[in-house]
Each structure stands twice: as structure tokens, then as C-alpha cells.
>>> print(open('structure_1.tsv').read())   # TSV, N, CA and C atoms
chain	number	residue	atom	x	y	z
A	1	MET	N	199.00	-19.61	-69.75
A	1	MET	CA	199.46	-20.69	-68.90
A	1	MET	C	199.23	-22.01	-69.64
A	2	GLU	N	200.29	-22.72	-69.90
A	2	GLU	CA	200.22	-23.97	-70.65
A	2	GLU	C	200.38	-25.15	-69.69
A	3	VAL	N	199.49	-26.11	-69.84
A	3	VAL	CA	199.54	-27.31	-69.01
A	3	VAL	C	200.01	-28.46	-69.87
A	4	THR	N	201.06	-29.11	-69.45
A	4	THR	CA	201.55	-30.28	-70.19
A	4	THR	C	201.30	-31.53	-69.36
A	5	LEU	N	200.74	-32.50	-69.98
A	5	LEU	CA	200.46	-33.77	-69.31
A	5	LEU	C	201.54	-34.78	-69.67
A	6	ALA	N	202.07	-35.39	-68.68
A	6	ALA	CA	203.10	-36.40	-68.91
A	6	ALA	C	202.43	-37.73	-69.25
A	7	PHE	N	203.05	-38.46	-70.14
A	7	PHE	CA	202.55	-39.78	-70.52
A	7	PHE	C	203.11	-40.80	-69.54
A	8	ASP	N	202.21	-41.43	-68.81
A	8	ASP	CA	202.62	-42.45	-67.85
A	8	ASP	C	202.29	-43.82	-68.43
A	9	ARG	N	203.30	-44.57	-68.77
A	9	ARG	CA	203.13	-45.86	-69.44
A	9	ARG	C	202.33	-46.85	-68.58
A	10	GLU	N	202.57	-46.89	-67.30
A	10	GLU	CA	201.86	-47.84	-66.42
A	10	GLU	C	200.37	-47.50	-66.32
A	11	THR	N	200.06	-46.21	-66.19
A	11	THR	CA	198.65	-45.80	-66.13
A	11	THR	C	197.95	-46.15	-67.43
A	12	TYR	N	198.62	-45.93	-68.56
A	12	TYR	CA	198.03	-46.24	-69.86
A	12	TYR	C	197.76	-47.73	-70.00
A	13	LYS	N	198.64	-48.58	-69.48
A	13	LYS	CA	198.42	-50.03	-69.54
A	13	LYS	C	197.14	-50.42	-68.81
A	14	HIS	N	196.92	-49.83	-67.64
A	14	HIS	CA	195.71	-50.15	-66.87
A	14	HIS	C	194.46	-49.62	-67.57
A	15	ARG	N	194.56	-48.44	-68.15
A	15	ARG	CA	193.41	-47.88	-68.86
A	15	ARG	C	193.05	-48.75	-70.06
A	16	ASN	N	194.04	-49.25	-70.76
A	16	ASN	CA	193.82	-50.10	-71.91
A	16	ASN	C	193.10	-51.38	-71.52
A	17	VAL	N	193.48	-51.96	-70.40
A	17	VAL	CA	192.83	-53.20	-69.92
A	17	VAL	C	191.36	-52.94	-69.64
A	18	VAL	N	191.07	-51.84	-68.98
A	18	VAL	CA	189.68	-51.50	-68.64
A	18	VAL	C	188.87	-51.25	-69.91
A	19	GLU	N	189.42	-50.51	-70.86
A	19	GLU	CA	188.70	-50.23	-72.10
A	19	GLU	C	188.42	-51.52	-72.88
A	20	ARG	N	189.40	-52.43	-72.93
A	20	ARG	CA	189.18	-53.70	-73.63
A	20	ARG	C	188.11	-54.53	-72.94
A	21	CYS	N	188.07	-54.49	-71.62
A	21	CYS	CA	187.05	-55.22	-70.87
A	21	CYS	C	185.65	-54.69	-71.21
A	22	PHE	N	185.50	-53.37	-71.23
A	22	PHE	CA	184.20	-52.78	-71.58
A	22	PHE	C	183.80	-53.15	-73.00
A	23	ASN	N	184.75	-53.15	-73.92
A	23	ASN	CA	184.44	-53.52	-75.30
A	23	ASN	C	184.00	-54.97	-75.41
A	24	ARG	N	184.61	-55.85	-74.63
A	24	ARG	CA	184.18	-57.25	-74.65
A	24	ARG	C	182.80	-57.41	-74.03
A	25	LEU	N	182.51	-56.64	-72.98
A	25	LEU	CA	181.18	-56.70	-72.39
A	25	LEU	C	180.11	-56.21	-73.36
A	26	LYS	N	180.44	-55.24	-74.19
A	26	LYS	CA	179.48	-54.70	-75.15
A	26	LYS	C	179.12	-55.71	-76.23
A	27	GLN	N	179.91	-56.78	-76.37
A	27	GLN	CA	179.59	-57.80	-77.35
A	27	GLN	C	178.38	-58.62	-76.91
A	28	TRP	N	178.06	-58.58	-75.64
A	28	TRP	CA	176.86	-59.25	-75.13
A	28	TRP	C	175.68	-58.34	-75.44
A	29	ARG	N	174.79	-58.79	-76.28
A	29	ARG	CA	173.70	-57.95	-76.77
A	29	ARG	C	172.82	-57.40	-75.65
A	30	GLY	N	172.49	-58.23	-74.68
A	30	GLY	CA	171.63	-57.78	-73.59
A	30	GLY	C	172.26	-56.70	-72.74
A	31	ILE	N	173.57	-56.73	-72.63
A	31	ILE	CA	174.27	-55.71	-71.86
A	31	ILE	C	174.41	-54.44	-72.68
A	32	ALA	N	174.74	-54.58	-73.95
A	32	ALA	CA	174.94	-53.41	-74.81
A	32	ALA	C	173.65	-52.62	-74.99
A	33	THR	N	172.52	-53.32	-75.10
A	33	THR	CA	171.25	-52.63	-75.35
A	33	THR	C	170.45	-52.40	-74.08
A	34	ARG	N	170.88	-53.00	-73.00
A	34	ARG	CA	170.24	-52.89	-71.69
A	34	ARG	C	168.75	-53.25	-71.76
A	35	TYR	N	168.50	-54.51	-72.07
A	35	TYR	CA	167.14	-55.01	-72.14
A	35	TYR	C	166.48	-55.01	-70.76
A	36	ASP	N	167.24	-55.25	-69.72
A	36	ASP	CA	166.68	-55.34	-68.38
A	36	ASP	C	166.20	-53.97	-67.92
A	37	LYS	N	165.05	-53.97	-67.28
A	37	LYS	CA	164.45	-52.70	-66.86
A	37	LYS	C	164.96	-52.22	-65.51
A	38	THR	N	165.38	-53.14	-64.66
A	38	THR	CA	165.84	-52.73	-63.34
A	38	THR	C	167.33	-53.03	-63.19
A	39	ALA	N	167.92	-52.45	-62.18
A	39	ALA	CA	169.37	-52.54	-62.00
A	39	ALA	C	169.82	-53.95	-61.60
A	40	GLN	N	169.01	-54.64	-60.81
A	40	GLN	CA	169.44	-55.95	-60.28
A	40	GLN	C	169.66	-56.99	-61.39
A	41	PRO	N	168.72	-57.19	-62.31
A	41	PRO	CA	168.99	-58.15	-63.38
A	41	PRO	C	170.12	-57.70	-64.31
A	42	TYR	N	170.25	-56.40	-64.52
A	42	TYR	CA	171.34	-55.89	-65.36
A	42	TYR	C	172.69	-56.17	-64.70
A	43	GLN	N	172.77	-55.95	-63.40
A	43	GLN	CA	174.02	-56.23	-62.68
A	43	GLN	C	174.33	-57.72	-62.70
A	44	ALA	N	173.29	-58.55	-62.60
A	44	ALA	CA	173.50	-59.99	-62.66
A	44	ALA	C	174.05	-60.40	-64.04
A	45	ALA	N	173.53	-59.79	-65.09
A	45	ALA	CA	174.01	-60.10	-66.45
A	45	ALA	C	175.46	-59.66	-66.62
A	46	VAL	N	175.80	-58.49	-66.12
A	46	VAL	CA	177.19	-58.02	-66.20
A	46	VAL	C	178.11	-58.94	-65.42
A	47	THR	N	177.68	-59.36	-64.23
A	47	THR	CA	178.48	-60.26	-63.42
A	47	THR	C	178.68	-61.61	-64.11
A	48	LEU	N	177.62	-62.14	-64.67
A	48	LEU	CA	177.70	-63.42	-65.37
A	48	LEU	C	178.63	-63.31	-66.58
A	49	ALA	N	178.48	-62.27	-67.37
A	49	ALA	CA	179.34	-62.08	-68.53
A	49	ALA	C	180.81	-61.94	-68.10
A	50	SER	N	181.03	-61.20	-67.03
A	50	SER	CA	182.39	-61.00	-66.54
A	50	SER	C	183.01	-62.32	-66.09
A	51	LEU	N	182.23	-63.13	-65.40
A	51	LEU	CA	182.72	-64.42	-64.93
A	51	LEU	C	183.04	-65.34	-66.11
A	52	LEU	N	182.19	-65.33	-67.12
A	52	LEU	CA	182.43	-66.18	-68.28
A	52	LEU	C	183.65	-65.71	-69.08
A	53	MET	N	183.86	-64.40	-69.13
A	53	MET	CA	185.06	-63.89	-69.81
A	53	MET	C	186.31	-64.23	-69.04
A	54	TRP	N	186.23	-64.23	-67.74
A	54	TRP	CA	187.39	-64.45	-66.89
A	54	TRP	C	187.78	-65.93	-66.85
A	55	ALA	N	186.80	-66.81	-67.02
A	55	ALA	CA	187.06	-68.26	-66.93
A	55	ALA	C	187.83	-68.78	-68.10
>>> encode(input="structure_1.tsv", output="C-alpha cells")
Amino acid sequence: MEVTLAFDRETYKHRNVVERCFNRLKQWRGIATRYDKTAQPYQAAVTLASLLMWA
């Protein structure tokens, strides 16, 4: 039984945007290495980085 996956151009465009966003977030050293010990400061750093990228 062979399964063929169709290439959906619109889905690929959205996936590419998400992947590029994660790659840009990884450029922030504190986020890439996860210096923060708890989830709350880490989430705050991700939010701040996201806002600065978006601005």
C-alpha cells in the first residue's frame, strides 16, 4: 500500500513563515540556550523578542 502526499502550496507557505520565525527567535542567545530556570521568565523573553521582531 503506497501513500502519496500531495504538495499543498498554501500550507507550505505557512510552514515556512513559522520556521523562519523560530530561526529568528533562536538568534536571541537567552532563548536559544534557555538560561531562565522557570517557564514564566522564559515565556516573557520569548514574548519580548517576538514583539521586538514584529515592530
>>> atom_distance(input="structure_1.tsv", atom1="atom C of A:Glu10", atom2="atom C of A:Leu48")
26.9 Å
>>> atom_distance(input="structure_1.tsv", atom1="atom N of A:Val18", atom2="atom N of A:Thr47")
16.1 Å
>>> atom_distance(input="structure_1.tsv", atom1="atom CA of A:Arg29", atom2="atom CA of A:Ala49")
10.8 Å
>>> axis_aligned_box(input="structure_1.tsv", around="stretch 36-49 of chain A", padding_each_side="6 Å", output="lines of an AutoDock Vina configuration file")
center_x = 172.6
center_y = -57.8
center_z = -65.0
size_x = 28.4
size_y = 23.2
size_z = 21.4
>>> closest_residue(input="structure_1.tsv", among="A:Leu25, A:Ala32, A:Leu5, A:Ala39", to="A:Leu52", atoms="only C-alpha atoms")
A:Leu25
>>> residues_near_point(input="structure_1.tsv", point="(173.1, -58.7, -67.2)", cutoff="8 Å", atoms="all atoms listed in the file", output="number ranges by chain")
A: 30-31, 34-36, 40-49
